[in-house]
Amino acid sequence: NKIKQLAQGEKITLLFTHLSPVIRKKMDKEVLTTADAGLWQVFDDLNHGMAWCEEQIIADIESTGLTAKSKTVLQQLGSYLPAPDGLQRLKAFCEKIEAPAGQVLITQEKLSRGLFFLETGGAEATLGLGEGKSTRLRKMSAGAIVGEVSVYASRPATATFTTDQPSRVYLLSNEKMEELEKAHPDLAAALHKFMAQLVSERLVDSTDMLEALLK
């Protein structure tokens, strides 16, 4: 089989998505054999196939030690807040959530309850397309911040954010945000300035992504 020979020769992994029952049955005999299990991966849809690719890329980067050179968004925020304990003072105003996999943090077309800081675990953003269909937009790992566009732009969320593994999350609710502004105006000002920059970047990314999906 030419496709298997190519995969073996180039040391690549073949990914298949959306295989119909007829095609899957045929490929089970010719390509997706147990003996060649290391050469292929099969997923129900493109979203999960892309997620697998992302995980492999992240694993390769981590194996080279390159991740030590970059900071997560949460780490960047910690460095931006007033020293020496800005992040700890911020956490004091947050609700700590031990979220299981599959917990919805933010629902599309609804206002976010506040800012969510992912200390551990991860989440994914999905865009509802109507008629029960959705597409996966992006995956977020530990150290991500979600909900900022809805909070700072005062607009309903453009996607649903769901944990994809057990996660420790800190929620700074809109009400607690107001308390923070009164108790620690310097801390709140630094947070708002950092988040304004992040929101600006995210809005540009979201616009680019939606345009790509509509093409």
# chains A, B, ... in the order shown; residues from 1 in each chain; ligands from 1
>>> residues_around(residues="Ser20 in chain A", least_positions_apart="5", cutoff="12 Å", atoms="only C-alpha atoms", output="PyMOL selection string")
chain A and resi 25-28+42-45
>>> write_last_selection(atoms="all heavy atoms", output="PDB file, in the first residue's frame")
ATOM      1  N   LYS A  25     -14.560   0.394   6.966  1.00  0.00           N
ATOM      2  CA  LYS A  25     -14.482  -1.053   6.810  1.00  0.00           C
ATOM      3  C   LYS A  25     -13.418  -1.431   5.788  1.00  0.00           C
ATOM      4  O   LYS A  25     -12.633  -2.368   5.999  1.00  0.00           O
ATOM      5  CB  LYS A  25     -15.841  -1.605   6.384  1.00  0.00           C
ATOM      6  CG  LYS A  25     -15.887  -3.128   6.327  1.00  0.00           C
ATOM      7  CD  LYS A  25     -17.293  -3.611   6.008  1.00  0.00           C
ATOM      8  CE  LYS A  25     -17.344  -5.141   5.968  1.00  0.00           C
ATOM      9  NZ  LYS A  25     -18.728  -5.628   5.663  1.00  0.00           N
ATOM     10  N   LYS A  26     -13.351  -0.685   4.695  1.00  0.00           N
ATOM     11  CA  LYS A  26     -12.367  -0.962   3.656  1.00  0.00           C
ATOM     12  C   LYS A  26     -10.955  -0.670   4.160  1.00  0.00           C
ATOM     13  O   LYS A  26     -10.021  -1.454   3.931  1.00  0.00           O
ATOM     14  CB  LYS A  26     -12.673  -0.112   2.419  1.00  0.00           C
ATOM     15  CG  LYS A  26     -11.715  -0.344   1.257  1.00  0.00           C
ATOM     16  CD  LYS A  26     -12.130   0.475   0.057  1.00  0.00           C
ATOM     17  CE  LYS A  26     -11.188   0.294  -1.114  1.00  0.00           C
ATOM     18  NZ  LYS A  26     -11.128  -1.095  -1.596  1.00  0.00           N
ATOM     19  N   MET A  27     -10.802   0.434   4.891  1.00  0.00           N
ATOM     20  CA  MET A  27      -9.478   0.805   5.369  1.00  0.00           C
ATOM     21  C   MET A  27      -8.991  -0.098   6.505  1.00  0.00           C
ATOM     22  O   MET A  27      -7.797  -0.260   6.699  1.00  0.00           O
ATOM     23  CB  MET A  27      -9.490   2.270   5.816  1.00  0.00           C
ATOM     24  CG  MET A  27      -9.719   3.251   4.669  1.00  0.00           C
ATOM     25  SD  MET A  27      -9.437   4.974   5.125  1.00  0.00           S
ATOM     26  CE  MET A  27      -7.644   4.984   5.299  1.00  0.00           C
ATOM     27  N   ASP A  28      -9.922  -0.661   7.251  1.00  0.00           N
ATOM     28  CA  ASP A  28      -9.547  -1.594   8.308  1.00  0.00           C
ATOM     29  C   ASP A  28      -8.770  -2.787   7.743  1.00  0.00           C
ATOM     30  O   ASP A  28      -7.888  -3.346   8.394  1.00  0.00           O
ATOM     31  CB  ASP A  28     -10.789  -2.101   9.050  1.00  0.00           C
ATOM     32  CG  ASP A  28     -11.281  -1.103  10.094  1.00  0.00           C
ATOM     33  OD1 ASP A  28     -10.496  -0.214  10.465  1.00  0.00           O
ATOM     34  OD2 ASP A  28     -12.449  -1.217  10.507  1.00  0.00           O
ATOM     35  N   VAL A  42      -7.264   7.500  14.191  1.00  0.00           N
ATOM     36  CA  VAL A  42      -8.592   7.753  13.633  1.00  0.00           C
ATOM     37  C   VAL A  42      -9.430   8.520  14.659  1.00  0.00           C
ATOM     38  O   VAL A  42      -9.445   8.167  15.836  1.00  0.00           O
ATOM     39  CB  VAL A  42      -9.318   6.437  13.278  1.00  0.00           C
ATOM     40  CG1 VAL A  42     -10.733   6.730  12.768  1.00  0.00           C
ATOM     41  CG2 VAL A  42      -8.539   5.678  12.216  1.00  0.00           C
ATOM     42  N   PHE A  43     -10.102   9.583  14.192  1.00  0.00           N
ATOM     43  CA  PHE A  43     -10.938  10.391  15.073  1.00  0.00           C
ATOM     44  C   PHE A  43     -12.298  10.616  14.419  1.00  0.00           C
ATOM     45  O   PHE A  43     -12.416  10.641  13.197  1.00  0.00           O
ATOM     46  CB  PHE A  43     -10.274  11.747  15.351  1.00  0.00           C
ATOM     47  CG  PHE A  43      -8.935  11.619  16.036  1.00  0.00           C
ATOM     48  CD1 PHE A  43      -7.766  11.604  15.282  1.00  0.00           C
ATOM     49  CD2 PHE A  43      -8.848  11.492  17.408  1.00  0.00           C
ATOM     50  CE1 PHE A  43      -6.531  11.476  15.895  1.00  0.00           C
ATOM     51  CE2 PHE A  43      -7.620  11.354  18.028  1.00  0.00           C
ATOM     52  CZ  PHE A  43      -6.459  11.352  17.275  1.00  0.00           C
ATOM     53  N   ASP A  44     -13.311  10.801  15.261  1.00  0.00           N
ATOM     54  CA  ASP A  44     -14.665  10.986  14.737  1.00  0.00           C
ATOM     55  C   ASP A  44     -14.805  12.272  13.933  1.00  0.00           C
ATOM     56  O   ASP A  44     -15.596  12.339  12.999  1.00  0.00           O
ATOM     57  CB  ASP A  44     -15.685  10.997  15.886  1.00  0.00           C
ATOM     58  CG  ASP A  44     -15.806   9.638  16.564  1.00  0.00           C
ATOM     59  OD1 ASP A  44     -15.489   8.625  15.900  1.00  0.00           O
ATOM     60  OD2 ASP A  44     -16.223   9.587  17.735  1.00  0.00           O
ATOM     61  N   ASP A  45     -14.061  13.314  14.334  1.00  0.00           N
ATOM     62  CA  ASP A  45     -14.186  14.588  13.624  1.00  0.00           C
ATOM     63  C   ASP A  45     -12.844  15.305  13.578  1.00  0.00           C
ATOM     64  O   ASP A  45     -11.888  14.923  14.258  1.00  0.00           O
ATOM     65  CB  ASP A  45     -15.245  15.483  14.269  1.00  0.00           C
ATOM     66  CG  ASP A  45     -15.003  15.672  15.761  1.00  0.00           C
ATOM     67  OD1 ASP A  45     -13.893  16.095  16.128  1.00  0.00           O
ATOM     68  OD2 ASP A  45     -15.919  15.394  16.562  1.00  0.00           O
TER      69      ASP A  45
END
>>> select_by_dssp(residues="range 71-155 of chain A", states="strand (DSSP E)", output="number ranges by chain")
A: 95-99, 104-106, 114-120, 122-130, 133-141, 145-146
>>> residues_around(residues="Ala92 in chain A", least_positions_apart="4", cutoff="10 Å", atoms="only C-alpha atoms", output="list in words")
Leu87, Gln88, Lys96, Tyr170, Leu172, Lys176 and Leu180 of chain A
>>> closest_residue(among="A:Thr126, A:Thr120, A:Ser154, A:Thr17", to="Leu74 in chain A", atoms="only C-alpha atoms")
A:Thr120
>>> closest_residue(among="A:Ile23, A:Thr34, A:Ile12, A:Leu81", to="Ala188 in chain A", atoms="only C-alpha atoms")
A:Leu81
>>> select_by_dssp(residues="range 61-209 of chain A", states="alpha helix (DSSP H)", output="ChimeraX atom specification")
/A:61-64,73-80,86-91,148-153,174-183,185-209
